[in-house]
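Visitor: Input run_27.pdb, format and content: PDB, C-alpha atoms.
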ATOM      1  CA  MET X 424       0.000   0.000   0.000
ATOM      2  CA  PRO X 425       1.526   3.328  -1.000
ATOM      3  CA  HIS X 426       2.122   6.079   1.522
ATOM      4  CA  ALA X 427       1.593   9.716   0.498
ATOM      5  CA  TYR X 428       3.578  12.478   2.162
ATOM      6  CA  ALA X 429       3.551  16.266   2.129
ATOM      7  CA  ILE X 430       6.833  18.092   2.621
ATOM      8  CA  GLU X 431       7.189  21.776   3.454
ATOM      9  CA  VAL X 432      10.558  23.478   3.481
ATOM     10  CA  THR X 433      10.581  26.900   5.126
ATOM     11  CA  ASP X 434      13.555  29.197   5.613
ATOM     12  CA  ILE X 435      13.422  29.964   9.338
ATOM     13  CA  THR X 436      16.533  32.132   9.378
ATOM     14  CA  PRO X 437      15.608  35.634  10.608
ATOM     15  CA  SER X 438      15.758  38.117   7.761
ATOM     16  CA  ALA X 439      17.198  41.616   8.138
ATOM     17  CA  ASP X 440      13.854  43.250   7.380
ATOM     18  CA  GLY X 441      11.823  40.905   9.582
ATOM     19  CA  SER X 442       9.940  39.354   6.681
ATOM     20  CA  ALA X 443       8.887  35.726   6.738
ATOM     21  CA  GLY X 444      11.183  33.208   5.134
ATOM     22  CA  ARG X 445      10.374  31.691   1.790
ATOM     23  CA  SER X 446       8.893  28.239   1.685
ATOM     24  CA  SER X 447       8.092  25.565  -0.829
ATOM     25  CA  ASP X 448       6.038  22.438  -0.534
ATOM     26  CA  PHE X 449       5.439  19.288  -2.519
ATOM     27  CA  THR X 450       3.968  15.834  -2.197
ATOM     28  CA  PHE X 451       5.349  12.425  -3.027
ATOM     29  CA  THR X 452       4.289   8.827  -2.778
ATOM     30  CA  THR X 453       6.372   5.820  -1.808
ATOM     31  CA  HIS X 454       5.675   2.213  -0.931
ATOM     32  CA  ASP X 455       7.659   2.631   2.296
ATOM     33  CA  ASP X 456       6.464   3.845   5.687
ATOM     34  CA  LEU X 457       9.001   6.619   6.278
ATOM     35  CA  ASN X 458       8.192   6.871   9.965
ATOM     36  CA  GLU X 459       9.061   3.196  10.450
ATOM     37  CA  ILE X 460      12.314   3.608   8.532
ATOM     38  CA  VAL X 461      13.220   6.666  10.623
ATOM     39  CA  ALA X 462      12.554   4.639  13.779
ATOM     40  CA  ARG X 463      14.821   1.812  12.528
ATOM     41  CA  VAL X 464      17.627   4.255  11.692
ATOM     42  CA  GLN X 465      17.266   5.876  15.110
ATOM     43  CA  ARG X 466      17.441   2.471  16.845
ATOM     44  CA  ARG X 467      20.705   1.785  15.021
ATOM     45  CA  GLY X 468      22.155   4.989  16.465
ATOM     46  CA  LEU X 469      23.660   6.172  13.197
ATOM     47  CA  PHE X 470      22.493   9.770  13.606
ATOM     48  CA  ASP X 471      20.692  11.995  16.079
ATOM     49  CA  GLN X 472      16.889  12.324  15.815
ATOM     50  CA  ASN X 473      16.908  15.290  13.447
ATOM     51  CA  GLU X 474      19.596  13.841  11.184
ATOM     52  CA  SER X 475      17.774  10.502  11.053
ATOM     53  CA  LYS X 476      14.672  12.220   9.702
ATOM     54  CA  ALA X 477      16.659  14.269   7.187
ATOM     55  CA  PHE X 478      18.708  11.242   6.084
ATOM     56  CA  VAL X 479      15.720   8.967   5.511
ATOM     57  CA  THR X 480      13.618  11.640   3.817
ATOM     58  CA  GLY X 481      16.450  12.785   1.554
ATOM     59  CA  LEU X 482      17.445   9.249   0.666
ATOM     60  CA  LYS X 483      13.888   8.230  -0.194
ATOM     61  CA  LEU X 484      13.345  11.381  -2.256
ATOM     62  CA  LEU X 485      16.587  10.917  -4.200
ATOM     63  CA  GLY X 486      15.972   7.196  -4.655
ATOM     64  CA  GLY X 487      12.475   7.829  -5.972
ATOM     65  CA  VAL X 488      13.640  10.380  -8.524
ATOM     66  CA  MET X 489      16.485   8.107  -9.603
ATOM     67  CA  LEU X 490      14.095   5.190 -10.024
ATOM     68  CA  ASN X 491      11.717   7.284 -12.120
ATOM     69  CA  HIS X 492      14.599   8.443 -14.339
ATOM     70  CA  ARG X 493      16.884   5.400 -14.222
ATOM     71  CA  GLY X 494      17.533   5.539 -17.970
ATOM     72  CA  GLU X 495      18.810   9.120 -17.847
ATOM     73  CA  PRO X 496      22.527   9.671 -18.502
ATOM     74  CA  LEU X 497      22.686  11.870 -15.389
ATOM     75  CA  PHE X 498      22.335   8.782 -13.194
ATOM     76  CA  ALA X 499      24.457   6.373 -15.260
ATOM     77  CA  GLU X 500      27.515   6.527 -12.989
ATOM     78  CA  PHE X 501      25.755   7.279  -9.719
ATOM     79  CA  GLY X 502      23.062   4.602 -10.014
ATOM     80  CA  PRO X 503      25.317   1.583  -9.311
ATOM     81  CA  ALA X 504      27.010   3.354  -6.389
ATOM     82  CA  PHE X 505      23.614   4.291  -4.947
ATOM     83  CA  LYS X 506      22.444   0.688  -5.262
ATOM     84  CA  ALA X 507      25.596  -0.554  -3.486
ATOM     85  CA  PHE X 508      25.092   2.041  -0.740
ATOM     86  CA  MET X 509      21.466   0.986  -0.226
ATOM     87  CA  THR X 510      22.472  -2.683  -0.090
ATOM     88  CA  LYS X 511      25.069  -1.912   2.566
ATOM     89  CA  LEU X 512      22.628   0.238   4.540
ATOM     90  CA  LYS X 513      19.899  -2.410   4.445
ATOM     91  CA  SER X 514      22.346  -5.135   5.471
ATOM     92  CA  GLY X 515      22.774  -3.382   8.791
ATOM     93  CA  ALA X 516      26.281  -2.103   8.177
ATOM     94  CA  LYS X 517      27.343   0.368  10.812
ATOM     95  CA  THR X 518      29.332   3.516  10.427
ATOM     96  CA  GLN X 519      33.110   3.428  10.871
ATOM     97  CA  GLU X 520      32.785   5.223  14.213
ATOM     98  CA  THR X 521      30.193   2.743  15.498
ATOM     99  CA  GLN X 522      32.344  -0.234  14.470
ATOM    100  CA  GLU X 523      35.507   1.166  16.043
ATOM    101  CA  ALA X 524      33.969   1.934  19.448
ATOM    102  CA  PRO X 525      33.534  -1.696  20.607
ATOM    103  CA  ALA X 526      36.992  -2.616  19.283
ATOM    104  CA  GLN X 527      38.562   0.253  21.207
ATOM    105  CA  GLN X 528      36.686  -0.713  24.361
ATOM    106  CA  ALA X 529      37.843  -4.321  24.024
ATOM    107  CA  GLN X 530      41.475  -3.157  23.802
ATOM    108  CA  ALA X 531      41.202  -1.064  26.956
TER     109      ALA X 531
END
Represent the structure contained in this file as structure tokens.

Guide:
Amino acid sequence: MPHAYAIEVTDITPSADGSAGRSSDFTFTTHDDLNEIVARVQRRGLFDQNESKAFVTGLKLLGGVMLNHRGEPLFAEFGPAFKAFMTKLKSGAKTQETQEAPAQQAQA
């Protein structure tokens, strides 16, 4: 079952003249439950809460566009690297820092 999402990006940086920041919004659909994926990434401890949300959302948005345009020359070189990255991420691979921490503790 597809999930539909609405994204709003608003510039919250205070402007010199006090005017409201610009914003843009869009919708997208994916077969994945982004909230569940964010929760899984947070449980793995790869990023803080905010970065987990940004990482998952950005990755799903980029992946969706790439999938829709997979035949485009723009993605010819990046596509295989993206696929390898996603395979590694889904396999549960940890970041270098996360892997080194237990090894360093074991040596102490």

Visitor: Report as a list in words all protein, DNA and RNA residues lying within 10 Å of stretch 448-458 of chain X, evaluated on only C-alpha atoms, omitting residues in the same chain fewer than 5 positions from it.

Guide: Met424, Pro425, His426, Ala427, Tyr428, Ala429, Ile430, Glu431, Val432, Thr433, Arg463, Val464, Lys476, Val479, Thr480, Lys483, Leu484 and Gly487 of chain X

Visitor: What's the separation between atom CA of X:Pro503 and atom CA of X:Leu490, in Å to one decimal place?

Guide: 11.8 Å

Visitor: Compile the contact shell of X:Val461 as a list of chain:residue names: residues with an atom at most 12 Å away, counting all atoms listed in the file, same-chain residues fewer than 5 positions apart removed.

Guide: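 Once the adjacent positions are removed, what remains is X:Asp455, X:Asp456, X:Arg466, X:Arg467, X:Gly468, X:Leu469, X:Phe470, X:Asp471, X:Gln472, X:Asn473, X:Glu474, X:Ser475, X:Lys476, X:Ala477, X:Phe478, X:Val479, X:Thr480, X:Gly481, X:Leu482, X:Lys483.
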
Visitor: Generate a file of the selected residues that holds C-alpha atoms, formatted as an mmCIF file, keeping the file's coordinate frame.

Guide:
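selection-v9.cif, freshly written:
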data_model
loop_
_atom_site.group_PDB
_atom_site.id
_atom_site.type_symbol
_atom_site.label_atom_id
_atom_site.label_comp_id
_atom_site.auth_asym_id
_atom_site.auth_seq_id
_atom_site.Cartn_x
_atom_site.Cartn_y
_atom_site.Cartn_z
ATOM 1 C CA ASP X 455 7.659 2.631 2.296
ATOM 2 C CA ASP X 456 6.464 3.845 5.687
ATOM 3 C CA ARG X 466 17.441 2.471 16.845
ATOM 4 C CA ARG X 467 20.705 1.785 15.021
ATOM 5 C CA GLY X 468 22.155 4.989 16.465
ATOM 6 C CA LEU X 469 23.660 6.172 13.197
ATOM 7 C CA PHE X 470 22.493 9.770 13.606
ATOM 8 C CA ASP X 471 20.692 11.995 16.079
ATOM 9 C CA GLN X 472 16.889 12.324 15.815
ATOM 10 C CA ASN X 473 16.908 15.290 13.447
ATOM 11 C CA GLU X 474 19.596 13.841 11.184
ATOM 12 C CA SER X 475 17.774 10.502 11.053
ATOM 13 C CA LYS X 476 14.672 12.220 9.702
ATOM 14 C CA ALA X 477 16.659 14.269 7.187
ATOM 15 C CA PHE X 478 18.708 11.242 6.084
ATOM 16 C CA VAL X 479 15.720 8.967 5.511
ATOM 17 C CA THR X 480 13.618 11.640 3.817
ATOM 18 C CA GLY X 481 16.450 12.785 1.554
ATOM 19 C CA LEU X 482 17.445 9.249 0.666
ATOM 20 C CA LYS X 483 13.888 8.230 -0.194
#
